[in-house]
$ cat model-v3.tsv   # TSV, C-alpha atoms
chain	number	residue	atom	x	y	z
A	936	MET	CA	49.28	219.96	62.46
A	937	PRO	CA	46.14	217.82	62.17
A	938	LEU	CA	44.76	214.95	64.16
A	939	THR	CA	45.02	211.56	62.46
A	940	VAL	CA	42.11	209.19	63.11
A	941	HIS	CA	42.55	205.45	62.62
A	942	GLN	CA	39.25	203.53	62.69
A	943	PHE	CA	38.96	199.75	62.83
A	944	PRO	CA	36.21	197.19	63.55
A	945	CYS	CA	36.25	195.12	66.72
A	946	LEU	CA	33.93	192.90	68.76
A	947	SER	CA	30.72	192.11	66.86
A	948	ASP	CA	29.78	195.61	65.73
A	949	ASN	CA	31.98	198.15	67.57
A	950	TYR	CA	34.52	200.49	66.05
A	951	GLY	CA	37.79	201.32	67.73
A	952	PHE	CA	39.36	204.75	67.23
A	953	LEU	CA	43.04	205.55	67.68
A	954	VAL	CA	43.87	209.24	67.30
A	955	ARG	CA	47.33	210.75	66.91
A	956	ASP	CA	48.23	214.38	67.47
A	957	GLU	CA	50.71	214.90	64.64
A	958	ALA	CA	52.42	217.86	66.29
A	959	SER	CA	53.51	215.87	69.34
A	960	GLY	CA	53.11	212.25	68.26
A	961	LYS	CA	50.89	211.57	71.27
A	962	VAL	CA	48.20	208.93	70.80
A	963	ALA	CA	44.83	208.30	72.44
A	964	THR	CA	42.20	205.61	72.12
A	965	ILE	CA	38.57	206.67	72.23
A	966	ASP	CA	37.08	204.01	74.50
A	967	THR	CA	38.52	200.52	74.96
A	968	PRO	CA	36.11	197.98	73.44
A	969	ASP	CA	38.78	195.30	72.92
A	970	ALA	CA	42.20	195.68	74.49
A	971	GLU	CA	43.83	192.97	72.36
A	972	ALA	CA	42.53	194.49	69.13
A	973	ILE	CA	43.69	197.96	70.17
A	974	LEU	CA	47.17	196.68	71.04
A	975	ALA	CA	47.36	194.89	67.70
A	976	GLU	CA	46.43	198.08	65.83
A	977	LEU	CA	48.97	200.10	67.80
A	978	ASP	CA	51.65	197.55	66.92
A	979	LYS	CA	50.66	197.61	63.25
A	980	LEU	CA	50.84	201.41	63.18
A	981	GLY	CA	54.01	201.62	65.25
A	982	TRP	CA	52.30	203.90	67.75
A	983	GLY	CA	52.48	204.03	71.53
A	984	LEU	CA	49.46	204.89	73.68
A	985	ASP	CA	49.43	207.92	75.97
A	986	LEU	CA	45.78	208.48	76.81
A	987	ILE	CA	42.50	206.59	77.11
A	988	LEU	CA	39.38	208.73	76.63
A	989	ASN	CA	36.18	207.03	77.78
A	990	THR	CA	32.70	208.19	76.76
A	991	HIS	CA	30.75	206.05	79.26
A	992	TRP	CA	30.99	203.07	81.55
A	993	HIS	CA	29.59	200.18	79.48
A	994	PRO	CA	32.03	197.25	79.17
A	995	ASP	CA	32.26	197.51	75.38
A	996	HIS	CA	33.58	201.05	75.91
A	997	ALA	CA	35.64	200.84	79.09
A	998	GLY	CA	36.23	197.13	79.57
A	999	GLY	CA	39.77	197.26	78.18
A	1000	ASN	CA	40.95	200.12	80.40
A	1001	GLU	CA	42.93	198.16	82.94
A	1002	ALA	CA	44.61	195.85	80.43
A	1003	LEU	CA	45.66	198.76	78.23
A	1004	LYS	CA	46.94	200.78	81.16
A	1005	LYS	CA	48.98	197.80	82.32
A	1006	ALA	CA	50.38	197.20	78.82
A	1007	THR	CA	51.13	200.82	77.86
A	1008	GLY	CA	51.05	203.02	80.97
A	1009	ALA	CA	48.40	205.22	79.36
A	1010	SER	CA	46.48	207.65	81.56
A	1011	ILE	CA	42.70	207.16	81.72
A	1012	THR	CA	40.23	210.05	81.44
A	1013	GLY	CA	36.45	209.79	81.47
A	1014	PRO	CA	33.18	210.51	83.27
A	1015	ALA	CA	32.89	209.52	86.91
A	1016	GLU	CA	30.54	206.63	86.05
A	1017	VAL	CA	33.45	204.68	84.52
A	1018	THR	CA	34.70	203.97	88.05
A	1019	ARG	CA	31.91	201.38	88.25
A	1020	ILE	CA	34.18	199.04	86.32
A	1021	ALA	CA	37.68	200.59	86.29
A	1022	PRO	CA	39.68	203.35	88.02
A	1023	LEU	CA	40.18	206.74	86.37
A	1024	ASP	CA	43.20	209.02	86.51
A	1025	ARG	CA	41.09	212.07	85.66
A	1026	VAL	CA	37.35	212.63	85.92
A	1027	VAL	CA	35.83	215.03	83.39
A	1028	ARG	CA	32.37	216.41	82.70
A	1029	GLY	CA	30.72	218.71	80.20
A	1030	GLY	CA	32.63	221.97	79.79
A	1031	ASP	CA	36.03	220.50	80.61
A	1032	VAL	CA	38.96	220.40	78.19
A	1033	VAL	CA	41.32	217.48	77.53
A	1034	LEU	CA	44.63	217.99	75.74
A	1035	LEU	CA	46.38	215.41	73.60
A	1036	GLY	CA	49.60	217.15	72.71
A	1037	GLU	CA	48.40	220.24	70.85
A	1038	THR	CA	44.94	218.80	70.13
A	1039	ARG	CA	42.21	220.27	72.30
A	1040	PHE	CA	39.13	218.18	73.04
A	1041	SER	CA	36.12	219.94	74.50
A	1042	VAL	CA	33.96	217.66	76.64
A	1043	ILE	CA	30.22	217.72	75.89
A	1044	ASP	CA	27.58	216.50	78.32
A	1045	ALA	CA	25.84	213.76	76.33
A	1046	GLY	CA	23.85	211.86	78.97
A	1047	GLY	CA	20.83	209.73	78.20
A	1048	HIS	CA	22.17	206.38	77.05
A	1049	THR	CA	23.87	206.41	80.45
A	1050	LEU	CA	23.49	209.24	82.93
A	1051	GLY	CA	27.09	210.44	82.73
A	1052	HIS	CA	27.82	209.82	79.04
A	1053	ILE	CA	30.10	212.43	77.43
A	1054	ALA	CA	31.39	213.23	73.95
A	1055	TYR	CA	34.71	214.72	72.82
A	1056	HIS	CA	34.88	217.50	70.22
A	1057	ASP	CA	38.06	218.67	68.48
A	1058	ALA	CA	36.93	221.93	66.90
A	1059	ALA	CA	40.22	222.65	65.13
A	1060	ASP	CA	40.02	219.42	63.15
A	1061	GLY	CA	36.23	219.35	62.92
A	1062	VAL	CA	35.74	215.93	64.50
A	1063	ALA	CA	33.61	214.60	67.33
A	1064	PHE	CA	33.61	211.24	69.11
A	1065	VAL	CA	30.11	210.63	70.40
A	1066	GLY	CA	30.14	207.08	71.76
A	1067	ASP	CA	26.59	205.74	71.89
A	1068	THR	CA	24.72	209.05	72.01
A	1069	LEU	CA	24.32	209.69	68.28
A	1070	PHE	CA	24.54	207.02	65.57
A	1071	ALA	CA	24.35	207.25	61.82
A	1072	LEU	CA	20.56	207.40	61.33
A	1073	GLY	CA	20.05	206.56	65.00
A	1074	CYS	CA	20.72	207.29	68.64
A	1075	GLY	CA	21.49	205.29	71.75
A	1076	ARG	CA	18.86	203.39	73.69
A	1077	LEU	CA	17.81	205.06	76.95
A	1078	PHE	CA	19.24	202.62	79.47
A	1079	GLU	CA	19.55	205.15	82.31
A	1080	GLY	CA	18.47	208.63	81.24
A	1081	THR	CA	15.18	210.17	80.20
A	1082	ALA	CA	13.96	211.21	76.77
A	1083	GLU	CA	14.27	214.84	77.87
A	1084	GLN	CA	17.90	214.35	78.87
A	1085	MET	CA	18.74	212.58	75.62
A	1086	TRP	CA	16.99	215.22	73.52
A	1087	GLU	CA	19.00	217.94	75.26
A	1088	SER	CA	22.20	215.95	74.69
A	1089	LEU	CA	21.44	215.41	71.01
A	1090	SER	CA	20.66	219.12	70.70
A	1091	ARG	CA	24.07	219.98	72.16
A	1092	VAL	CA	25.87	217.59	69.84
A	1093	THR	CA	23.99	218.73	66.74
A	1094	ALA	CA	24.70	222.36	67.55
A	1095	LEU	CA	28.22	221.63	66.27
A	1096	PRO	CA	28.96	222.81	62.71
A	1097	ASP	CA	27.24	220.78	59.98
A	1098	ASP	CA	30.57	219.69	58.49
A	1099	THR	CA	31.74	218.16	61.78
A	1100	VAL	CA	32.82	214.56	61.16
A	1101	VAL	CA	31.08	212.33	63.69
A	1102	TYR	CA	32.62	209.06	64.85
A	1103	CYS	CA	29.99	206.88	66.50
A	1104	ALA	CA	30.90	203.63	68.17
A	1105	HIS	CA	28.82	200.99	66.36
A	1106	GLU	CA	27.97	199.80	62.86
A	1107	TYR	CA	24.20	200.01	63.29
A	1108	THR	CA	23.38	202.06	60.22
A	1109	ALA	CA	21.59	199.47	58.09
A	1110	SER	CA	19.21	198.48	60.89
A	1111	ASN	CA	18.75	202.15	61.77
A	1112	ALA	CA	17.90	202.85	58.13
A	1113	ARG	CA	15.25	200.14	58.07
A	1114	PHE	CA	13.57	201.72	61.07
A	1115	ALA	CA	13.94	205.24	59.70
A	1116	LEU	CA	12.12	204.22	56.52
A	1117	SER	CA	9.22	202.96	58.64
A	1118	VAL	CA	8.57	206.41	60.13
A	1119	ASP	CA	9.84	208.85	57.50
A	1120	GLU	CA	9.26	209.04	53.75
A	1121	ASP	CA	11.63	211.92	53.07
A	1122	PRO	CA	13.40	211.54	49.68
A	1123	ALA	CA	16.80	212.39	51.17
A	1124	LEU	CA	16.40	209.56	53.68
A	1125	LYS	CA	15.38	207.10	50.96
A	1126	ALA	CA	18.45	207.99	48.92
A	1127	ARG	CA	20.72	207.69	51.92
A	1128	ALA	CA	19.23	204.36	52.98
A	1129	LYS	CA	19.78	202.97	49.49
A	1130	ALA	CA	23.44	204.03	49.65
A	1131	VAL	CA	23.82	202.54	53.15
A	1132	PHE	CA	22.40	199.16	52.10
A	1133	ALA	CA	24.71	199.09	49.07
A	1134	ALA	CA	27.75	199.99	51.18
A	1135	ARG	CA	27.04	197.26	53.67
A	1136	GLU	CA	26.59	194.72	50.86
A	1137	ARG	CA	30.12	195.66	49.78
A	1138	GLY	CA	31.38	195.28	53.34
A	1139	GLU	CA	32.09	199.00	53.69
A	1140	ALA	CA	31.81	201.03	56.89
A	1141	THR	CA	29.06	203.64	57.17
A	1142	VAL	CA	30.90	205.44	59.97
A	1143	PRO	CA	31.89	208.26	60.20
A	1144	THR	CA	28.96	210.50	59.38
A	1145	THR	CA	28.48	214.27	59.66
A	1146	ILE	CA	26.28	216.52	61.73
A	1147	GLY	CA	24.70	217.87	58.55
A	1148	ALA	CA	23.82	214.42	57.23
A	1149	GLU	CA	22.23	213.43	60.52
A	1150	LYS	CA	20.20	216.63	60.83
A	1151	ALA	CA	18.88	216.05	57.31
A	1152	THR	CA	17.95	212.36	57.58
A	1153	ASN	CA	18.11	210.99	61.14
A	1154	PRO	CA	14.53	210.37	62.36
A	1155	PHE	CA	15.44	211.00	65.97
A	1156	LEU	CA	16.67	214.49	65.12
A	1157	ARG	CA	13.72	215.04	62.78
A	1158	ALA	CA	11.27	213.91	65.47
A	1159	PRO	CA	9.51	217.29	65.85
A	1160	LEU	CA	8.76	217.23	62.10
A	1161	LEU	CA	7.62	213.60	62.17
A	1162	ARG	CA	5.45	214.04	65.26
A	1163	PRO	CA	4.11	217.62	64.89
A	1164	ASP	CA	1.26	217.03	67.36
A	1165	ALA	CA	3.61	216.18	70.22
A	1166	PRO	CA	3.49	218.86	72.94
A	1167	THR	CA	7.29	219.35	73.00
A	1168	PRO	CA	10.26	218.36	70.86
A	1169	ALA	CA	11.44	216.06	73.65
A	1170	GLN	CA	8.06	214.30	73.66
A	1171	ALA	CA	8.22	213.91	69.88
A	1172	PHE	CA	11.66	212.36	70.31
A	1173	ALA	CA	10.30	210.07	73.04
A	1174	GLU	CA	7.63	208.78	70.66
A	1175	ILE	CA	10.18	207.98	67.95
A	1176	ARG	CA	12.51	206.34	70.48
A	1177	ALA	CA	9.66	204.18	71.78
A	1178	ALA	CA	8.77	203.16	68.23
A	1179	LYS	CA	12.39	202.10	67.62
A	1180	ASP	CA	12.47	200.10	70.84
A	1181	SER	CA	9.55	197.97	69.64
A	1182	PHE	CA	10.51	197.85	65.94
A	1183	LYS	CA	10.77	194.30	64.55
A	1184	GLY	CA	11.93	195.07	61.00

$ encode --input "model-v3.tsv" --output "structure tokens"
Amino acid sequence: MPLTVHQFPCLSDNYGFLVRDEASGKVATIDTPDAEAILAELDKLGWGLDLILNTHWHPDHAGGNEALKKATGASITGPAEVTRIAPLDRVVRGGDVVLLGETRFSVIDAGGHTLGHIAYHDAADGVAFVGDTLFALGCGRLFEGTAEQMWESLSRVTALPDDTVVYCAHEYTASNARFALSVDEDPALKARAKAVFAARERGEATVPTTIGAEKATNPFLRAPLLRPDAPTPAQAFAEIRAAKDSFKG
């Protein structure tokens, strides 16, 4: 039986994700940006909470851990770095497997935004939860890791099948599109950006995306094509990331 994903906005630009393994009825939250909002969504859905899956330690991803554990008794799983702000019941790293009922999440090393950032991939249902590593038309800022580390992480994530549905944690797509158009004139990007701007005008979410869509239009993934004189793909990525960091559009 499939995994049900319930997405909802919270904080200023985060998305919360509640996932339910339909075979067992077990429920997890991917990160804990806003404990009160998550509890309200659980109540609306009539779901309990069994598991918290953290992608990294930032407060808008793990700040609700303790309140949710106290309210629901859920077990907390995540990378070791989360212990900076909250205890974990299980520490995981790339290559590990997490079970939610009959749903199997493979853990992917996705460091760069933070050193220990991870992603969760459910191959059977074709979905991935990538936190702040990959965004629709963007990628996470390098707060702790290097460009080389982030490029390797993005390469691991985008090695997933093109039809993988990617749930990223923020609604940044319109601003990402404006930057993308400043460095890339590809017709597919222009068409996608137009659709993104229209969707946001209507108040619609632009998350989730797919691996295929990002490989085709995301300037960070297309960096080696956009910066062909760079000595390595990672250096090409570093140049695009630096341009985004200083972009004022």

$ atom_distance --input "model-v3.tsv" --atom1 "CA of Tyr1102 (chain A)" --atom2 "CA of Ala1009 (chain A)"
21.8 Å

$ atom_distance --input "model-v3.tsv" --atom1 "CA of Cys1103 (chain A)" --atom2 "CA of Leu1161 (chain A)"
23.8 Å

$ closest_residue --input "model-v3.tsv" --among "A:Gly983, A:Pro1154, A:Pro1022, A:Gly1036" --to "Gly1008 (chain A)" --atoms "only C-alpha atoms"
A:Gly983

$ residues_around --input "model-v3.tsv" --residues "region 1048-1058 of chain A" --least-positions-apart "5" --cutoff "9 Å" --atoms "only C-alpha atoms" --output "ChimeraX atom specification"
/A:938,965,988-993,1013-1017,1027-1029,1032-1033,1038-1043,1063-1068,1074-1081,1084-1085,1092,1095,1099

$ closest_residue --input "model-v3.tsv" --among "A:Lys1183, A:Lys1125, A:Arg1157, A:Lys979" --to "Thr1093 (chain A)" --atoms "all atoms listed in the file"
A:Arg1157

$ atom_distance --input "model-v3.tsv" --atom1 "CA of Asp1180 (chain A)" --atom2 "CA of Asp1121 (chain A)"
21.4 Å

$ residues_around --input "model-v3.tsv" --residues "Ala1002 (chain A)" --least-positions-apart "5" --cutoff "9 Å" --atoms "only C-alpha atoms" --output "list in words"
Ala970, Glu971 and Thr1007 of chain A

$ residues_around --input "model-v3.tsv" --residues "Gly1073 (chain A)" --least-positions-apart "6" --cutoff "8 Å" --atoms "only C-alpha atoms" --output "NGL selection string"
:A and (1107-1108 or 1111 or 1153-1155)

$ residues_near_point --input "model-v3.tsv" --point "(36.7, 221.0, 61.2)" --cutoff "9 Å" --atoms "all atoms listed in the file" --output "PyMOL selection string"
chain A and resi 1057-1062+1096+1098-1100

$ residues_near_point --input "model-v3.tsv" --point "(41.0, 195.3, 83.1)" --cutoff "12 Å" --atoms "all atoms listed in the file" --output "PyMOL selection string"
chain A and resi 967-971+994-1006+1018+1020-1023

$ closest_residue --input "model-v3.tsv" --among "A:Leu980, A:Leu986, A:Leu1035, A:Ala1104" --to "Ser947 (chain A)" --atoms "only C-alpha atoms"
A:Ala1104

$ closest_residue --input "model-v3.tsv" --among "A:Glu1083, A:Glu1037, A:Glu1149, A:Glu1136" --to "Ala1115 (chain A)" --atoms "all atoms listed in the file"
A:Glu1149

$ residues_around --input "model-v3.tsv" --residues "Gln1170 (chain A)" --least-positions-apart "3" --cutoff "10 Å" --atoms "all atoms listed in the file" --output "PyMOL selection string"
chain A and resi 1082-1083+1086+1158-1159+1162+1164-1167+1173-1176

$ write_last_selection --input "model-v3.tsv" --atoms "C-alpha atoms" --output "CSV table (one decimal), in the frame of the given file"
chain,number,residue,atom,x,y,z
A,1082,ALA,CA,14.0,211.2,76.8
A,1083,GLU,CA,14.3,214.8,77.9
A,1086,TRP,CA,17.0,215.2,73.5
A,1158,ALA,CA,11.3,213.9,65.5
A,1159,PRO,CA,9.5,217.3,65.8
A,1162,ARG,CA,5.4,214.0,65.3
A,1164,ASP,CA,1.3,217.0,67.4
A,1165,ALA,CA,3.6,216.2,70.2
A,1166,PRO,CA,3.5,218.9,72.9
A,1167,THR,CA,7.3,219.4,73.0
A,1173,ALA,CA,10.3,210.1,73.0
A,1174,GLU,CA,7.6,208.8,70.7
A,1175,ILE,CA,10.2,208.0,68.0
A,1176,ARG,CA,12.5,206.3,70.5

$ decode --input "model-v3.tsv" --residues "region 1103-1115 of chain A" --atoms "all heavy atoms" --output "JSON list (two decimals), in the first residue's frame"
[["chain", "number", "residue", "atom", "x", "y", "z"],
["A", 1103, "CYS", "N", 10.89, 19.58, -1.14],
["A", 1103, "CYS", "CA", 11.86, 20.46, -0.51],
["A", 1103, "CYS", "C", 11.14, 21.34, 0.50],
["A", 1103, "CYS", "O", 9.93, 21.51, 0.43],
["A", 1103, "CYS", "CB", 12.62, 21.28, -1.54],
["A", 1103, "CYS", "SG", 11.62, 22.03, -2.84],
["A", 1104, "ALA", "N", 11.90, 21.92, 1.41],
["A", 1104, "ALA", "CA", 11.29, 22.42, 2.65],
["A", 1104, "ALA", "C", 10.83, 23.87, 2.61],
["A", 1104, "ALA", "O", 10.24, 24.34, 3.58],
["A", 1104, "ALA", "CB", 12.27, 22.24, 3.80],
["A", 1105, "HIS", "N", 11.08, 24.58, 1.51],
["A", 1105, "HIS", "CA", 10.72, 26.01, 1.48],
["A", 1105, "HIS", "C", 10.09, 26.40, 0.15],
["A", 1105, "HIS", "O", 10.40, 25.81, -0.89],
["A", 1105, "HIS", "CB", 11.96, 26.89, 1.71],
["A", 1105, "HIS", "CG", 12.55, 26.78, 3.06],
["A", 1105, "HIS", "ND1", 12.13, 27.56, 4.12],
["A", 1105, "HIS", "CD2", 13.54, 25.98, 3.55],
["A", 1105, "HIS", "CE1", 12.84, 27.26, 5.20],
["A", 1105, "HIS", "NE2", 13.70, 26.30, 4.87],
["A", 1106, "GLU", "N", 9.26, 27.42, 0.20],
["A", 1106, "GLU", "CA", 8.67, 28.01, -1.00],
["A", 1106, "GLU", "C", 9.57, 29.17, -1.45],
["A", 1106, "GLU", "O", 9.31, 30.33, -1.17],
["A", 1106, "GLU", "CB", 7.24, 28.49, -0.72],
["A", 1106, "GLU", "CG", 6.51, 29.04, -1.93],
["A", 1106, "GLU", "CD", 6.45, 28.08, -3.09],
["A", 1106, "GLU", "OE1", 5.73, 27.07, -3.02],
["A", 1106, "GLU", "OE2", 7.15, 28.36, -4.09],
["A", 1107, "TYR", "N", 10.65, 28.79, -2.13],
["A", 1107, "TYR", "CA", 11.63, 29.76, -2.62],
["A", 1107, "TYR", "C", 11.62, 29.86, -4.15],
["A", 1107, "TYR", "O", 12.47, 30.54, -4.72],
["A", 1107, "TYR", "CB", 13.04, 29.33, -2.21],
["A", 1107, "TYR", "CG", 13.41, 29.42, -0.76],
["A", 1107, "TYR", "CD1", 14.53, 28.73, -0.29],
["A", 1107, "TYR", "CD2", 12.69, 30.20, 0.14],
["A", 1107, "TYR", "CE1", 14.92, 28.81, 1.05],
["A", 1107, "TYR", "CE2", 13.06, 30.28, 1.47],
["A", 1107, "TYR", "CZ", 14.18, 29.59, 1.92],
["A", 1107, "TYR", "OH", 14.55, 29.66, 3.24],
["A", 1108, "THR", "N", 10.69, 29.20, -4.81],
["A", 1108, "THR", "CA", 10.85, 28.97, -6.24],
["A", 1108, "THR", "C", 10.81, 30.24, -7.07],
["A", 1108, "THR", "O", 11.56, 30.38, -8.04],
["A", 1108, "THR", "CB", 9.80, 27.97, -6.75],
["A", 1108, "THR", "OG1", 9.66, 26.90, -5.80],
["A", 1108, "THR", "CG2", 10.22, 27.39, -8.08],
["A", 1109, "ALA", "N", 9.96, 31.19, -6.73],
["A", 1109, "ALA", "CA", 9.89, 32.42, -7.53],
["A", 1109, "ALA", "C", 11.20, 33.19, -7.46],
["A", 1109, "ALA", "O", 11.71, 33.65, -8.50],
["A", 1109, "ALA", "CB", 8.72, 33.28, -7.07],
["A", 1110, "SER", "N", 11.76, 33.35, -6.26],
["A", 1110, "SER", "CA", 13.04, 34.06, -6.16],
["A", 1110, "SER", "C", 14.15, 33.26, -6.83],
["A", 1110, "SER", "O", 15.04, 33.84, -7.47],
["A", 1110, "SER", "CB", 13.39, 34.35, -4.70],
["A", 1110, "SER", "OG", 13.52, 33.16, -3.95],
["A", 1111, "ASN", "N", 14.10, 31.94, -6.71],
["A", 1111, "ASN", "CA", 15.09, 31.10, -7.40],
["A", 1111, "ASN", "C", 14.97, 31.28, -8.91],
["A", 1111, "ASN", "O", 15.97, 31.31, -9.64],
["A", 1111, "ASN", "CB", 14.90, 29.64, -7.04],
["A", 1111, "ASN", "CG", 15.35, 29.32, -5.63],
["A", 1111, "ASN", "OD1", 16.12, 30.06, -5.02],
["A", 1111, "ASN", "ND2", 14.88, 28.21, -5.10],
["A", 1112, "ALA", "N", 13.75, 31.39, -9.40],
["A", 1112, "ALA", "CA", 13.53, 31.55, -10.85],
["A", 1112, "ALA", "C", 14.10, 32.87, -11.34],
["A", 1112, "ALA", "O", 14.70, 32.93, -12.43],
["A", 1112, "ALA", "CB", 12.05, 31.45, -11.17],
["A", 1113, "ARG", "N", 13.93, 33.92, -10.55],
["A", 1113, "ARG", "CA", 14.47, 35.22, -10.96],
["A", 1113, "ARG", "C", 15.99, 35.15, -11.09],
["A", 1113, "ARG", "O", 16.57, 35.70, -12.04],
["A", 1113, "ARG", "CB", 14.05, 36.30, -9.98],
["A", 1113, "ARG", "CG", 12.57, 36.69, -10.10],
["A", 1113, "ARG", "CD", 12.25, 37.92, -9.29],
["A", 1113, "ARG", "NE", 12.22, 37.65, -7.86],
["A", 1113, "ARG", "CZ", 11.16, 37.21, -7.20],
["A", 1113, "ARG", "NH1", 10.03, 36.98, -7.85],
["A", 1113, "ARG", "NH2", 11.21, 37.01, -5.91],
["A", 1114, "PHE", "N", 16.63, 34.48, -10.14],
["A", 1114, "PHE", "CA", 18.08, 34.31, -10.26],
["A", 1114, "PHE", "C", 18.43, 33.43, -11.45],
["A", 1114, "PHE", "O", 19.34, 33.76, -12.23],
["A", 1114, "PHE", "CB", 18.68, 33.70, -9.00],
["A", 1114, "PHE", "CG", 20.10, 33.24, -9.20],
["A", 1114, "PHE", "CD1", 21.11, 34.18, -9.31],
["A", 1114, "PHE", "CD2", 20.40, 31.89, -9.33],
["A", 1114, "PHE", "CE1", 22.43, 33.77, -9.55],
["A", 1114, "PHE", "CE2", 21.71, 31.47, -9.55],
["A", 1114, "PHE", "CZ", 22.73, 32.42, -9.67],
["A", 1115, "ALA", "N", 17.74, 32.32, -11.61],
["A", 1115, "ALA", "CA", 18.04, 31.40, -12.71],
["A", 1115, "ALA", "C", 18.01, 32.12, -14.05],
["A", 1115, "ALA", "O", 18.88, 31.91, -14.91],
["A", 1115, "ALA", "CB", 17.07, 30.23, -12.69]]
